[in-house]
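Participant: Once you've had a glance at the structure underneath, I'll fire off some questions.
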Amino acid sequence: MSNPTMHPLTIRARRSEDLDKCVEVLREVRLANGYPMKWPSNPRAWLDHPQLNQAWVAHSSPGVIDGHVAVQNAREVTRLFVAPAARRLKVASALLDHVSVWAGGRLILNVIDKPESPAVAFYERTGWRYTHTATADWSGPRGEVVRLRHYVR
């Protein structure tokens, strides 16, 4: 029997009125997991920068953002995060499946090169193929060099 308080997951295009809630969730993710590695000076603009082709949110209850994802360069996944309270509920998988349909197939993404990280484990467990590691064109919070693992699906 299903829990009567649970609602099915809905994925829809992100709207401008979602941005404040997305920033709140991103702040929770940052505190829980350190993503993004470097907190943006303007998190709303970071989530809504002009290079993004499209962004989506996932929610299971009205007014609650459970997850977020965006695409840039027509097939590069970016800005993917899931609220700590919604982890292990397949929100990230649902968002990535939605993006895959939108993009018509092959996607790429990169993640900070920490093989023990939950993100790396998730991508490798869900069918993403590691292709290479490269140096990011940006630095970490203390100016350090950042290495990125690149994946395709």
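Chain labels A, B, ... are given in the sequence in which chains occur in the structure tokens; within each chain residues are numbered consecutively from 1, and ligands are likewise numbered from 1 in the order shown.
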Tell me which protein, DNA and RNA residues are within 12 Å of Ala45 in chain A, counting only C-alpha atoms, leaving out same-chain ones fewer than 5 positions away, and put them as a PDB file with C-alpha atoms, in the first residue's frame.

Facilitator:
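That gives us out.pdb:
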ATOM      1  CA  SER A  16      11.746  31.952 -13.112  1.00  0.00           C
ATOM      2  CA  LEU A  19      14.720  30.004  -8.831  1.00  0.00           C
ATOM      3  CA  ASP A  20      14.525  31.076  -5.177  1.00  0.00           C
ATOM      4  CA  CYS A  22      16.165  26.048  -6.324  1.00  0.00           C
ATOM      5  CA  VAL A  23      18.764  28.227  -4.588  1.00  0.00           C
ATOM      6  CA  TRP A  39      29.625  28.671  -4.008  1.00  0.00           C
ATOM      7  CA  PRO A  40      28.633  31.169  -6.727  1.00  0.00           C
ATOM      8  CA  PRO A  50      22.410  32.380 -20.727  1.00  0.00           C
ATOM      9  CA  GLN A  51      24.469  29.403 -21.997  1.00  0.00           C
ATOM     10  CA  LEU A  52      21.857  26.961 -20.720  1.00  0.00           C
ATOM     11  CA  ARG A  79      23.549  21.884 -12.578  1.00  0.00           C
TER      12      ARG A  79
END

Participant: Which of range 21-132 of chain A end up as alpha helix (DSSP H) when DSSP is run on this backbone - answer as a PyMOL selection string?

Facilitator: chain A and resi 21-33+43-47+91-103+118-125

Participant: Name the closest residue to Ile11 in chain A among the candidates A:Glu76, A:Asp137, A:Glu144, A:Asp66; distances are taken between atoms, counting only C-alpha atoms.

Facilitator: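 Of the candidates, the smallest distance to Ile11 in chain A is held by A:Asp66.
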
Participant: Report, in Å to a single decimal, how far apart CA of Trp102 in chain A and CA of Glu24 in chain A are.

Facilitator: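 Taking CA of Glu24 in chain A as the start and CA of Trp102 in chain A as the end point, the length is 26.2 Å.
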
Participant: Pick out the residues sitting within 10 Å of Pro141 in chain A, and hand them over as a PyMOL selection string; count only C-alpha atoms, and ignore anything fewer than 3 positions along from it in its own chain.

Facilitator: chain A and resi 37-39+138+144-146

Participant: Choose the residue, out of A:Ala134, A:Tyr151, A:Phe81, A:Ser93, that has the smallest atom-to-atom separation from Tyr35 in chain A; count only C-alpha atoms.

Facilitator: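 Under the stated criterion, the closest residue is A:Phe81.
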
Participant: Residues at most 10 Å from Asn33 in chain A, counting only C-alpha atoms, excluding those fewer than 4 positions away in the same chain, as a VMD selection string?

Facilitator: chain A and resid 27 to 29 37 84 117 to 119

Participant: Would you export the selected residues with C-alpha atoms as a PDB file, in the first residue's frame, please?

Facilitator:
ATOM      1  CA  ARG A  27      22.349  25.578  -0.401  1.00  0.00           C
ATOM      2  CA  GLU A  28      21.187  22.372   1.361  1.00  0.00           C
ATOM      3  CA  VAL A  29      23.124  20.286  -1.174  1.00  0.00           C
ATOM      4  CA  MET A  37      32.598  23.050  -5.097  1.00  0.00           C
ATOM      5  CA  PRO A  84      19.030  15.737   0.590  1.00  0.00           C
ATOM      6  CA  SER A 117      32.232  10.200  -4.396  1.00  0.00           C
ATOM      7  CA  PRO A 118      28.526   9.308  -4.429  1.00  0.00           C
ATOM      8  CA  ALA A 119      28.169  11.143  -7.760  1.00  0.00           C
TER       9      ALA A 119
END

Participant: Could you list, as a list of chain:residue names, every residue within 7 Å of Thr10 in chain A, counting only C-alpha atoms and ignoring same-chain residues fewer than 6 positions away?

Facilitator: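 These residues fall inside the cut-off: A:Ala58, A:His59, A:Ser60.
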
Participant: What parts of chain A does DSSP call strand (DSSP E or B)? I'd like the answer as a ChimeraX atom specification.

Facilitator: /A:10-13,52-59,67-72,76-82,108-112,129-139,145-152

Participant: Nearest to Ala94 in chain A: which of A:Ala32, A:Ala136, A:Ala74, A:Val82 is it, counting only C-alpha atoms?

Facilitator: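 Counting only C-alpha atoms, the residue closest to Ala94 in chain A is A:Val82.
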
Participant: Find the spatial neighbours of Asp18 in chain A, counting only C-alpha atoms, within a cut-off of 9 Å - ignore same-chain residues fewer than 6 positions away - and output them as a count of residues only.

Facilitator: 3

Participant: Quote the spacing between CA of Leu148 in chain A and CA of Arg12 in chain A in Å to one decimal place.

Facilitator: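 Taking CA of Leu148 in chain A and CA of Arg12 in chain A, their separation equals 28.7 Å.
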
Participant: Using only C-alpha atoms, which of the listed residues (A:Val71, A:Ile112, A:Val120, A:Ala83) sits closest to Val99 in chain A?

Facilitator: A:Val71

Participant: For His132 in chain A, which residue among A:Asp48, A:Pro115, A:Leu96, A:Asn110 is the nearest when counting only C-alpha atoms?

Facilitator: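 Nearest candidate to His132 in chain A out of A:Asp48, A:Pro115, A:Leu96, A:Asn110: A:Asn110.
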